[in-house]
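The structure file model.tsv is reproduced below (TSV, C-alpha atoms and all ligand atoms).
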chain	number	residue	atom	x	y	z
V	1	MET	CA	-87.80	113.54	-2.85
V	2	ASN	CA	-88.76	109.99	-3.73
V	3	SER	CA	-86.23	108.34	-5.98
V	4	ASN	CA	-88.81	107.23	-8.54
V	5	LEU	CA	-89.62	110.84	-9.23
V	6	LYS	CA	-86.00	111.97	-9.21
V	7	ARG	CA	-85.37	110.03	-12.43
V	8	PHE	CA	-87.72	112.34	-14.30
V	9	ILE	CA	-86.73	115.72	-12.84
V	10	ARG	CA	-83.87	118.05	-13.66
V	11	PHE	CA	-83.08	121.19	-11.67
V	12	SER	CA	-81.46	124.32	-13.07
V	13	PRO	CA	-78.11	125.14	-11.40
V	14	GLU	CA	-79.74	128.16	-9.77
V	15	ILE	CA	-82.45	126.09	-8.09
V	16	THR	CA	-80.01	123.42	-6.95
V	17	ARG	CA	-77.95	126.14	-5.30
V	18	ALA	CA	-80.96	127.96	-3.82
V	19	GLN	CA	-82.21	124.75	-2.24
V	20	SER	CA	-78.83	123.76	-0.88
V	21	ILE	CA	-78.40	127.07	0.94
V	22	GLY	CA	-82.03	127.35	1.98
V	23	SER	CA	-83.04	130.38	-0.09
V	24	PRO	CA	-86.78	130.98	-0.49
V	25	VAL	CA	-88.08	129.63	-3.81
V	26	VAL	CA	-91.32	130.42	-5.67
V	27	ALA	CA	-92.71	127.97	-8.24
V	28	LEU	CA	-94.20	129.44	-11.44
V	29	GLU	CA	-96.44	127.60	-13.90
V	30	SER	CA	-95.87	127.50	-17.65
V	31	THR	CA	-99.22	126.82	-19.34
V	32	VAL	CA	-99.63	130.58	-19.26
V	33	ILE	CA	-96.50	130.65	-21.49
V	34	THR	CA	-97.47	127.85	-23.89
V	35	HIS	CA	-101.24	128.36	-24.03
V	36	GLY	CA	-102.26	131.47	-22.10
V	37	LEU	CA	-100.58	134.29	-24.00
V	38	PRO	CA	-99.35	134.90	-27.56
V	39	TYR	CA	-95.67	135.22	-28.52
V	40	PRO	CA	-93.79	137.47	-27.65
V	41	GLU	CA	-95.96	138.66	-24.75
V	42	ASN	CA	-95.57	135.22	-23.21
V	43	ILE	CA	-91.79	135.24	-22.99
V	44	GLN	CA	-91.77	138.83	-21.80
V	45	LEU	CA	-94.25	137.89	-19.09
V	46	ALA	CA	-92.27	134.81	-18.05
V	47	GLN	CA	-89.20	136.97	-17.54
V	48	ASP	CA	-91.16	139.73	-15.81
V	49	MET	CA	-92.58	137.23	-13.33
V	50	GLU	CA	-89.14	135.83	-12.64
V	51	ASN	CA	-87.86	139.37	-12.07
V	52	GLU	CA	-90.71	140.18	-9.68
V	53	VAL	CA	-89.83	137.11	-7.63
V	54	ARG	CA	-86.15	138.11	-7.55
V	55	GLN	CA	-86.94	141.70	-6.58
V	56	GLY	CA	-89.05	140.29	-3.78
V	57	GLY	CA	-85.99	138.45	-2.48
V	58	ALA	CA	-86.78	134.89	-3.62
V	59	VAL	CA	-85.63	132.60	-6.42
V	60	PRO	CA	-88.09	131.80	-9.26
V	61	ALA	CA	-88.52	128.16	-10.31
V	62	THR	CA	-90.49	128.09	-13.53
V	63	ILE	CA	-91.64	124.50	-14.04
V	64	ALA	CA	-92.25	122.85	-17.43
V	65	ILE	CA	-91.65	119.63	-19.34
V	66	VAL	CA	-88.91	119.82	-21.98
V	67	ASP	CA	-88.32	116.82	-24.26
V	68	GLY	CA	-89.82	114.47	-21.70
V	69	ILE	CA	-87.88	115.82	-18.72
V	70	ILE	CA	-89.55	117.71	-15.89
V	71	GLN	CA	-87.55	120.91	-15.50
V	72	VAL	CA	-87.50	122.89	-12.26
V	73	GLY	CA	-86.01	126.24	-13.22
V	74	LEU	CA	-85.59	127.03	-16.91
V	75	SER	CA	-82.70	128.43	-18.93
V	76	ILE	CA	-83.44	131.33	-21.28
V	77	ASP	CA	-83.16	128.94	-24.24
V	78	GLN	CA	-85.71	126.60	-22.70
V	79	LEU	CA	-88.05	129.51	-22.02
V	80	GLU	CA	-87.71	130.71	-25.60
V	81	TYR	CA	-88.38	127.18	-26.89
V	82	LEU	CA	-91.55	126.83	-24.80
V	83	ALA	CA	-92.74	130.32	-25.74
V	84	SER	CA	-92.24	130.01	-29.49
V	85	GLY	CA	-92.01	126.30	-30.28
V	86	ARG	CA	-94.71	124.36	-32.07
V	87	GLY	CA	-96.77	121.46	-30.76
V	88	MET	CA	-96.43	122.41	-27.12
V	89	ARG	CA	-98.66	120.32	-24.87
V	90	LYS	CA	-100.70	121.44	-21.92
V	91	ALA	CA	-99.42	119.32	-19.06
V	92	SER	CA	-101.93	118.46	-16.36
V	93	PRO	CA	-101.25	115.45	-14.10
V	94	ARG	CA	-102.81	112.93	-16.49
V	95	ASP	CA	-100.50	114.12	-19.31
V	96	PHE	CA	-97.13	113.72	-17.57
V	97	SER	CA	-96.63	110.00	-18.23
V	98	ARG	CA	-97.31	110.16	-21.95
V	99	MET	CA	-95.16	113.27	-22.31
V	100	ILE	CA	-92.25	111.60	-20.52
V	101	VAL	CA	-92.58	108.37	-22.47
V	102	ASN	CA	-92.90	110.18	-25.82
V	103	GLU	CA	-90.30	112.85	-24.93
V	104	GLU	CA	-92.73	115.71	-25.52
V	105	SER	CA	-92.61	119.32	-24.33
V	106	GLY	CA	-95.20	121.60	-22.82
V	107	GLY	CA	-96.35	123.95	-20.12
V	108	THR	CA	-97.49	122.65	-16.76
V	109	THR	CA	-100.93	123.77	-15.57
V	110	VAL	CA	-101.62	124.81	-12.00
V	111	ALA	CA	-102.41	121.15	-11.24
V	112	GLY	CA	-99.25	119.88	-12.94
V	113	THR	CA	-97.05	122.55	-11.33
V	114	LEU	CA	-98.47	121.75	-7.89
V	115	VAL	CA	-97.42	118.10	-8.21
V	116	VAL	CA	-93.84	119.03	-9.11
V	117	ALA	CA	-93.52	121.88	-6.60
V	118	TYR	CA	-94.59	119.75	-3.65
V	119	ALA	CA	-92.47	116.77	-4.72
V	120	THR	CA	-89.40	119.00	-4.87
V	121	GLY	CA	-89.96	120.79	-1.58
V	122	ILE	CA	-91.25	124.09	-2.97
V	123	ARG	CA	-94.14	125.28	-0.83
V	124	VAL	CA	-95.07	128.62	-2.44
V	125	PHE	CA	-96.41	128.99	-5.98
V	126	ALA	CA	-97.65	131.99	-7.99
V	127	THR	CA	-100.09	131.89	-10.89
V	128	GLY	CA	-102.68	134.12	-12.55
V	129	GLY	CA	-106.01	132.49	-11.96
V	130	ILE	CA	-106.72	128.89	-11.06
V	131	GLY	CA	-108.91	126.69	-13.22
V	132	GLY	CA	-112.29	125.71	-11.83
V	133	VAL	CA	-115.80	124.61	-12.65
V	134	HIS	CA	-116.71	125.68	-16.17
V	135	ARG	CA	-120.09	127.14	-17.09
V	136	GLN	CA	-120.02	125.10	-20.26
V	137	PRO	CA	-119.58	122.42	-21.44
V	138	ARG	CA	-121.39	120.94	-18.44
V	139	GLY	CA	-119.24	118.65	-16.34
V	140	ASP	CA	-115.97	120.33	-17.34
V	141	VAL	CA	-114.04	120.74	-14.08
V	142	SER	CA	-110.37	121.71	-14.11
V	143	ALA	CA	-107.84	119.22	-12.72
V	144	ASP	CA	-106.58	122.21	-10.72
V	145	LEU	CA	-109.38	121.75	-8.18
V	146	PRO	CA	-108.79	118.14	-7.06
V	147	GLN	CA	-105.05	118.82	-7.05
V	148	LEU	CA	-105.52	121.87	-4.80
V	149	ALA	CA	-107.57	119.65	-2.51
V	150	THR	CA	-104.67	117.23	-2.02
V	151	THR	CA	-101.41	119.22	-2.25
V	152	PRO	CA	-100.08	121.28	0.69
V	153	VAL	CA	-98.66	124.32	-1.10
V	154	ILE	CA	-99.50	128.03	-0.78
V	155	VAL	CA	-100.92	129.16	-4.14
V	156	VAL	CA	-101.09	132.90	-4.86
V	157	CYS	CA	-103.64	133.83	-7.54
V	158	ALA	CA	-106.21	136.49	-8.48
V	159	GLY	CA	-109.08	134.11	-7.79
V	160	ALA	CA	-110.45	131.95	-10.57
V	161	LYS	CA	-110.81	133.08	-14.15
V	162	ALA	CA	-114.01	135.00	-14.79
V	163	ILE	CA	-114.83	132.71	-17.69
V	164	LEU	CA	-115.70	130.08	-15.06
V	165	ASP	CA	-118.70	129.43	-12.86
V	166	LEU	CA	-117.23	131.28	-9.88
V	167	PRO	CA	-119.88	130.37	-7.26
V	168	ALA	CA	-119.53	126.66	-8.15
V	169	THR	CA	-115.73	126.96	-8.03
V	170	VAL	CA	-115.80	128.56	-4.58
V	171	GLU	CA	-118.24	125.85	-3.38
V	172	TYR	CA	-115.89	123.15	-4.60
V	173	LEU	CA	-112.99	124.68	-2.67
V	174	GLU	CA	-115.16	124.78	0.43
V	175	THR	CA	-116.30	121.16	0.02
V	176	TYR	CA	-112.72	119.91	-0.26
V	177	GLY	CA	-111.40	121.94	2.63
V	178	VAL	CA	-109.18	124.43	0.82
V	179	PRO	CA	-108.75	127.65	2.84
V	180	VAL	CA	-109.31	130.68	0.60
V	181	LEU	CA	-107.52	133.70	2.04
V	182	GLY	CA	-108.47	137.09	0.65
V	183	TYR	CA	-105.21	139.02	0.48
V	184	GLN	CA	-106.08	142.44	1.93
V	185	THR	CA	-109.68	141.82	0.91
V	186	ASN	CA	-112.79	139.95	2.09
V	187	GLU	CA	-114.01	139.26	-1.41
V	188	PHE	CA	-112.99	136.49	-3.82
V	189	PRO	CA	-111.45	138.33	-6.81
V	190	ALA	CA	-112.79	137.62	-10.30
V	191	PHE	CA	-109.40	137.61	-12.04
V	192	TYR	CA	-109.94	140.55	-14.43
V	193	SER	CA	-111.73	142.52	-11.73
V	194	ALA	CA	-111.56	142.74	-7.96
V	195	ARG	CA	-115.20	141.97	-7.32
V	196	SER	CA	-117.21	138.77	-7.47
V	197	ARG	CA	-119.54	139.30	-4.50
V	198	LEU	CA	-118.38	135.92	-3.25
V	199	PRO	CA	-116.80	135.67	0.21
V	200	THR	CA	-113.39	134.20	0.98
V	201	SER	CA	-113.08	131.83	3.95
V	202	ALA	CA	-110.67	134.16	5.79
V	203	ARG	CA	-108.59	137.25	5.27
V	204	ALA	CA	-104.84	137.82	5.54
V	205	ASP	CA	-103.30	141.26	5.36
V	206	ASN	CA	-99.61	140.42	5.14
V	207	PRO	CA	-97.22	137.56	4.34
V	208	GLN	CA	-96.77	136.61	8.00
V	209	GLU	CA	-100.50	136.06	8.46
V	210	VAL	CA	-100.65	133.86	5.37
V	211	VAL	CA	-97.75	131.74	6.58
V	212	GLU	CA	-99.14	131.41	10.09
V	213	ILE	CA	-102.49	130.18	8.79
V	214	ALA	CA	-100.89	127.80	6.27
V	215	LEU	CA	-98.49	126.28	8.81
V	216	THR	CA	-101.33	125.85	11.29
V	217	HIS	CA	-103.51	124.21	8.62
V	218	TRP	CA	-100.77	121.68	7.87
V	219	ARG	CA	-99.79	121.12	11.52
V	220	LEU	CA	-103.39	120.08	12.08
V	221	GLY	CA	-102.81	117.35	9.53
V	222	MET	CA	-104.77	118.93	6.69
V	223	LEU	CA	-103.31	118.09	3.31
V	224	SER	CA	-104.83	120.70	1.01
V	225	ALA	CA	-103.35	123.77	-0.59
V	226	VAL	CA	-103.93	127.19	0.95
V	227	LEU	CA	-105.22	129.55	-1.71
V	228	VAL	CA	-104.22	133.22	-1.41
V	229	THR	CA	-106.41	135.43	-3.58
V	230	ALA	CA	-105.09	138.89	-4.40
V	231	PRO	CA	-107.23	141.33	-6.39
V	232	PRO	CA	-105.74	142.54	-9.70
V	233	PRO	CA	-103.92	145.90	-9.37
V	234	MET	CA	-106.38	148.79	-9.74
V	235	GLU	CA	-104.56	150.25	-12.78
V	236	VAL	CA	-105.20	147.16	-14.89
V	237	ALA	CA	-108.52	145.79	-13.59
V	238	LEU	CA	-111.47	145.81	-16.03
V	239	PRO	CA	-114.87	147.30	-15.27
V	240	ASP	CA	-117.32	144.58	-14.20
V	241	ASP	CA	-119.90	145.11	-16.93
V	242	GLU	CA	-117.34	145.22	-19.75
V	243	MET	CA	-115.86	141.97	-18.54
V	244	ARG	CA	-119.24	140.29	-18.14
V	245	GLU	CA	-120.25	141.15	-21.71
V	246	ALA	CA	-116.94	139.93	-23.13
V	247	VAL	CA	-117.18	136.64	-21.24
V	248	LYS	CA	-120.76	136.09	-22.43
V	249	GLN	CA	-119.76	136.63	-26.03
V	250	ALA	CA	-116.73	134.33	-25.73
V	251	LEU	CA	-118.91	131.58	-24.22
V	252	ARG	CA	-121.38	131.90	-27.12
V	253	ASP	CA	-118.52	131.57	-29.61
V	254	ALA	CA	-117.10	128.53	-27.81
V	255	LYS	CA	-120.49	126.81	-27.94
V	256	GLU	CA	-120.92	127.56	-31.61
V	257	GLU	CA	-117.46	126.23	-32.43
V	258	ARG	CA	-117.99	123.18	-30.16
V	259	ILE	CA	-114.77	123.79	-28.21
V	260	ARG	CA	-114.03	120.89	-25.86
V	261	GLY	CA	-111.52	119.47	-23.37
V	262	GLN	CA	-108.19	121.18	-22.86
V	263	GLN	CA	-108.96	123.78	-25.52
V	264	VAL	CA	-111.79	125.40	-23.55
V	265	THR	CA	-109.71	127.64	-21.28
V	266	PRO	CA	-107.19	128.86	-23.92
V	267	PHE	CA	-110.01	129.53	-26.40
V	268	LEU	CA	-112.04	131.60	-23.94
V	269	LEU	CA	-109.05	133.62	-22.71
V	270	LYS	CA	-108.06	134.43	-26.29
V	271	ARG	CA	-111.61	135.43	-27.30
V	272	VAL	CA	-112.04	137.67	-24.25
V	273	SER	CA	-108.74	139.35	-25.11
V	274	GLU	CA	-109.86	139.92	-28.72
V	275	ILE	CA	-113.25	141.28	-27.65
V	276	THR	CA	-111.80	143.67	-25.06
V	277	GLY	CA	-109.14	144.95	-27.48
V	278	ASN	CA	-106.33	143.48	-25.40
V	279	ALA	CA	-107.49	145.13	-22.16
V	280	SER	CA	-108.01	141.69	-20.63
V	281	MET	CA	-104.52	140.64	-21.62
V	282	ILE	CA	-103.06	143.75	-19.99
V	283	ALA	CA	-105.03	142.90	-16.84
V	284	ASN	CA	-103.76	139.33	-17.05
V	285	LEU	CA	-100.13	140.49	-17.32
V	286	GLY	CA	-100.50	142.99	-14.47
V	287	LEU	CA	-102.02	140.53	-12.06
V	288	LEU	CA	-99.49	137.81	-12.87
V	289	ARG	CA	-96.64	140.17	-11.98
V	290	ASN	CA	-98.44	141.32	-8.86
V	291	ASN	CA	-99.00	137.75	-7.68
V	292	ALA	CA	-95.34	136.86	-8.27
V	293	GLY	CA	-94.27	139.74	-6.01
V	294	ILE	CA	-96.66	138.74	-3.23
V	295	ALA	CA	-95.56	135.10	-3.48
V	296	ALA	CA	-91.91	136.13	-3.08
V	297	GLN	CA	-92.70	137.90	0.19
V	298	ILE	CA	-94.68	134.91	1.41
V	299	ALA	CA	-91.85	132.54	0.48
V	300	ARG	CA	-89.38	134.62	2.49
V	301	SER	CA	-91.65	134.62	5.48
V	302	PHE	CA	-92.31	130.88	5.09
V	303	GLN	CA	-88.59	130.13	4.93
V	304	ARG	CA	-87.98	132.03	8.17
V	305	ASP	CA	-90.79	130.32	10.11
V	306	ASN	CA	-90.21	126.90	8.67
V	307	GLN	CA	-86.60	126.86	9.83
V	308	ILE	CA	-87.88	126.91	13.38
V	309	SER	CA	-90.23	123.96	12.91
V	310	ALA	CA	-90.71	121.94	9.78
V	311	VAL	CA	-94.09	120.62	8.60
V	401	LIG	N1	-104.41	131.59	-16.03
V	401	LIG	C1	-104.15	132.35	-17.10
V	401	LIG	N2	-103.85	131.74	-18.26
V	401	LIG	C2	-103.77	130.37	-18.35
V	401	LIG	C3	-104.04	129.56	-17.22
V	401	LIG	C4	-104.35	130.23	-16.10
V	401	LIG	O1	-104.20	133.57	-17.01
V	401	LIG	O2	-103.46	129.88	-19.42
V	401	LIG	C5	-103.95	128.05	-17.30
V	401	LIG	C6	-103.43	127.53	-15.94
V	401	LIG	O3	-102.26	126.80	-16.18
V	401	LIG	C7	-104.53	126.64	-15.44
V	401	LIG	C8	-105.14	126.16	-16.71
V	401	LIG	O4	-104.05	125.62	-14.62
V	401	LIG	O5	-105.15	127.33	-17.52
V	401	LIG	C9	-106.51	125.56	-16.51
V	401	LIG	O6	-106.89	124.84	-17.64
V	401	LIG	P1	-108.12	123.82	-17.56
V	401	LIG	O7	-109.31	124.67	-17.33
V	401	LIG	O8	-108.14	123.11	-18.88
V	401	LIG	O9	-107.83	122.89	-16.41
V	402	MN	MN	-111.32	121.15	-18.70
Could you write out this file's structure as C-alpha cells?
Amino acid sequence: MNSNLKRFIRFSPEITRAQSIGSPVVALESTVITHGLPYPENIQLAQDMENEVRQGGAVPATIAIVDGIIQVGLSIDQLEYLASGRGMRKASPRDFSRMIVNEESGGTTVAGTLVVAYATGIRVFATGGIGGVHRQPRGDVSADLPQLATTPVIVVCAGAKAILDLPATVEYLETYGVPVLGYQTNEFPAFYSARSRLPTSARADNPQEVVEIALTHWRLGMLSAVLVTAPPPMEVALPDDEMREAVKQALRDAKEERIRGQQVTPFLLKRVSEITGNASMIANLGLLRNNAGIAAQIARSFQRDNQISAV
C-alpha cells in the first residue's frame, strides 16, 4: 500500500491477522448502515452481513470513516456509533479529504469503499445495489459508476437500485468496459426484483467462473471492476408491478420536495420502503445477506487462484 495512504488508514486486529496469513477477505460498504436503513435494522444488518461472510469461510472487512480515520474492519462499538450516531456523512471519494481534515465520521459508498478496498489489497466486495444514472434530477450520476470503471475489484450486487434509470446505467457500464456477470442468470437484476429485461454481458454459474473471468480481465491489462449481479432471493423479491408503482410515487415525491445531491438515493429508498409497507426493506436486507454469502465463496476461490499467479 502506498505510504501516503497508510497514514490515514487503520486496520482492525482481525483484518491485520487475516491479511498476514492470507485468509480470504470481503469488503463491505457502510453507507447502507449510515444512510440506507433505519436504526436498529442497520446494525442488525451489518452484523448479519459479517456473519454471512464468516459462514462462507472468509473474513468481513466493513469499511467506514471514524473521526477522520479510514477504518478497515470495525469493532462493535464503532459499528454501533455509525449505526446510531448523529451527523454521519455519506463518504464518496470527493468527501474523504474534508472528512479526514475535519475528523468527521460516516459511511463509505460503493465508490468510497472501492477506493479503500483496492488500496488495501482487498479484491472482493459485497453490496446491495450499486448507484447509477438517476431518472431525475437530470444529470445526477452516482460516483459509483466512474469508480467501477477504474478500480479492479470484484463487486457482488443485486444489480442497480430500481429507483434508477436501469437501461442508462447498464449502457454506462458497457461504455466504460465493466464486465457485468449475471450470477446464475442472463438478466440484469433490478434490485428488489429479479427481472429488468436488460441483458448482462456474460453469465457465471459459480465462484470459480467469476474468478476466472475476473483474473483474465485483469491479466489483459483492463483496470475496471468486474460486476457480479445476483438476483434477490425468491422469498424476498417484490412483484414487478408493485415495485414499479412504488418507485413512481417516490420519484414524484422527490420532485415535489426538490430533493438534490447526496440526499436523492436515501430519500427514494426510504419512500419506497414506506410505500411498500417495509416489503422493500425486507427485500433489501435479504439480498444484502445473499450477496455477502456469494462474495465469501468468490473470495475463497480468488485466494486459491491468486496464490498461483498474482495480478
Ligand atoms: N444500496 C442500498 N442502500 C444504500 C446504498 C446502496 O441498498 O444506501 C448506497 C450505496 O452506498 C451506494 C450509494 O454507493 O447508496 C449511492 O449513492 P449515490 O446515488 O448518491 O451515489
Ligand atoms: Mn447523486
Q: Produce as a PyMOL selection string the set of residues near ligand LIG 401 (chain V), where near means within 6 Å with only C-alpha atoms and all ligand atoms considered.
A: chain V and resi 31-32+35-36+109-111+128-131+142-144+262+265-266+284
Q: Give me, please, the distance in Å between CA of Glu41 (chain V) and CA of Glu256 (chain V), quoted to one decimal.
A: 28.2 Å
Q. Given the choices V:Pro146, V:Gly107, V:Gly68, V:Pro239, which gets closest to Ala83 (chain V) if the distance is worked out from all atoms listed in the file?
A.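 Comparing V:Pro146, V:Gly107, V:Gly68, V:Pro239 against Ala83 (chain V), the winner is V:Gly107.
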**Q.** Pick from V:Thr229, V:Thr150, V:Asn51, V:Thr169, whichever lies nearest to Asn186 (chain V) using all atoms listed in the file
**A.**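 Using all atoms listed in the file, Asn186 (chain V) sits closest to V:Thr229.
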(Q) Applying 8 Å and all atoms listed in the file, which residues near region 224-226 of chain V remain after dropping the ones on its own chain fewer than 5 positions away? List them as a PyMOL selection string. (A) chain V and resi 148-155+177-181+214
Q) Any idea what the distance is between CA of Gly159 (chain V) and CA of Pro189 (chain V)? A) 4.9 Å
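In terms of minimum interatomic distance to ligand MN 402 (chain V), V:Gly132 ranks closest within V:Gly221, V:Pro231, V:Gly132, V:Pro38, counting all atoms listed in the file.
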Q) Quick one: residues within 12 Å of Val236 (chain V), all atoms listed in the file counted, chain neighbours fewer than 5 positions away excluded, as a list in words? A)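 Residues near the query, excluding close chain neighbours: Phe191, Tyr192, Ser193, Ala194, Pro231, Asn278, Ala279, Ser280, Met281, Ile282, Ala283, Asn284, Leu285, Gly286, Leu287, Leu288, Arg289 and Asn290 of chain V.
Residue nearest Pro24 (chain V) within the list V:Phe125, V:Tyr39, V:Tyr183, V:Phe8: V:Phe125 [criterion: smallest interatomic distance, only C-alpha atoms].
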Region 205-216 of chain V from the block above: N, CA and C atoms written as a PDB file, in the first residue's frame:
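And here's selection.pdb as it stands now:
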ATOM      1  N   ASP V 205     -21.853 -19.168 -13.415  1.00  0.00           N
ATOM      2  CA  ASP V 205     -22.737 -20.003 -12.607  1.00  0.00           C
ATOM      3  C   ASP V 205     -22.150 -20.412 -11.265  1.00  0.00           C
ATOM      4  N   ASN V 206     -20.881 -20.130 -11.063  1.00  0.00           N
ATOM      5  CA  ASN V 206     -20.266 -20.487  -9.774  1.00  0.00           C
ATOM      6  C   ASN V 206     -19.074 -19.573  -9.497  1.00  0.00           C
ATOM      7  N   PRO V 207     -18.559 -19.609  -8.258  1.00  0.00           N
ATOM      8  CA  PRO V 207     -17.457 -18.708  -7.893  1.00  0.00           C
ATOM      9  C   PRO V 207     -16.232 -18.878  -8.794  1.00  0.00           C
ATOM     10  N   GLN V 208     -15.911 -20.107  -9.163  1.00  0.00           N
ATOM     11  CA  GLN V 208     -14.720 -20.344  -9.980  1.00  0.00           C
ATOM     12  C   GLN V 208     -14.829 -19.611 -11.320  1.00  0.00           C
ATOM     13  N   GLU V 209     -16.008 -19.659 -11.919  1.00  0.00           N
ATOM     14  CA  GLU V 209     -16.169 -18.977 -13.216  1.00  0.00           C
ATOM     15  C   GLU V 209     -15.994 -17.469 -13.072  1.00  0.00           C
ATOM     16  N   VAL V 210     -16.530 -16.920 -11.991  1.00  0.00           N
ATOM     17  CA  VAL V 210     -16.372 -15.478 -11.750  1.00  0.00           C
ATOM     18  C   VAL V 210     -14.893 -15.126 -11.661  1.00  0.00           C
ATOM     19  N   VAL V 211     -14.169 -15.913 -10.855  1.00  0.00           N
ATOM     20  CA  VAL V 211     -12.753 -15.614 -10.618  1.00  0.00           C
ATOM     21  C   VAL V 211     -11.947 -15.766 -11.903  1.00  0.00           C
ATOM     22  N   GLU V 212     -12.262 -16.785 -12.685  1.00  0.00           N
ATOM     23  CA  GLU V 212     -11.513 -16.997 -13.920  1.00  0.00           C
ATOM     24  C   GLU V 212     -11.704 -15.818 -14.879  1.00  0.00           C
ATOM     25  N   ILE V 213     -12.935 -15.346 -14.980  1.00  0.00           N
ATOM     26  CA  ILE V 213     -13.195 -14.207 -15.873  1.00  0.00           C
ATOM     27  C   ILE V 213     -12.515 -12.946 -15.329  1.00  0.00           C
ATOM     28  N   ALA V 214     -12.619 -12.720 -14.028  1.00  0.00           N
ATOM     29  CA  ALA V 214     -12.020 -11.508 -13.453  1.00  0.00           C
ATOM     30  C   ALA V 214     -10.500 -11.515 -13.622  1.00  0.00           C
ATOM     31  N   LEU V 215      -9.865 -12.639 -13.303  1.00  0.00           N
ATOM     32  CA  LEU V 215      -8.400 -12.696 -13.434  1.00  0.00           C
ATOM     33  C   LEU V 215      -7.983 -12.506 -14.883  1.00  0.00           C
ATOM     34  N   THR V 216      -8.745 -13.077 -15.806  1.00  0.00           N
ATOM     35  CA  THR V 216      -8.416 -12.916 -17.227  1.00  0.00           C
ATOM     36  C   THR V 216      -8.566 -11.459 -17.652  1.00  0.00           C
TER      37      THR V 216
END
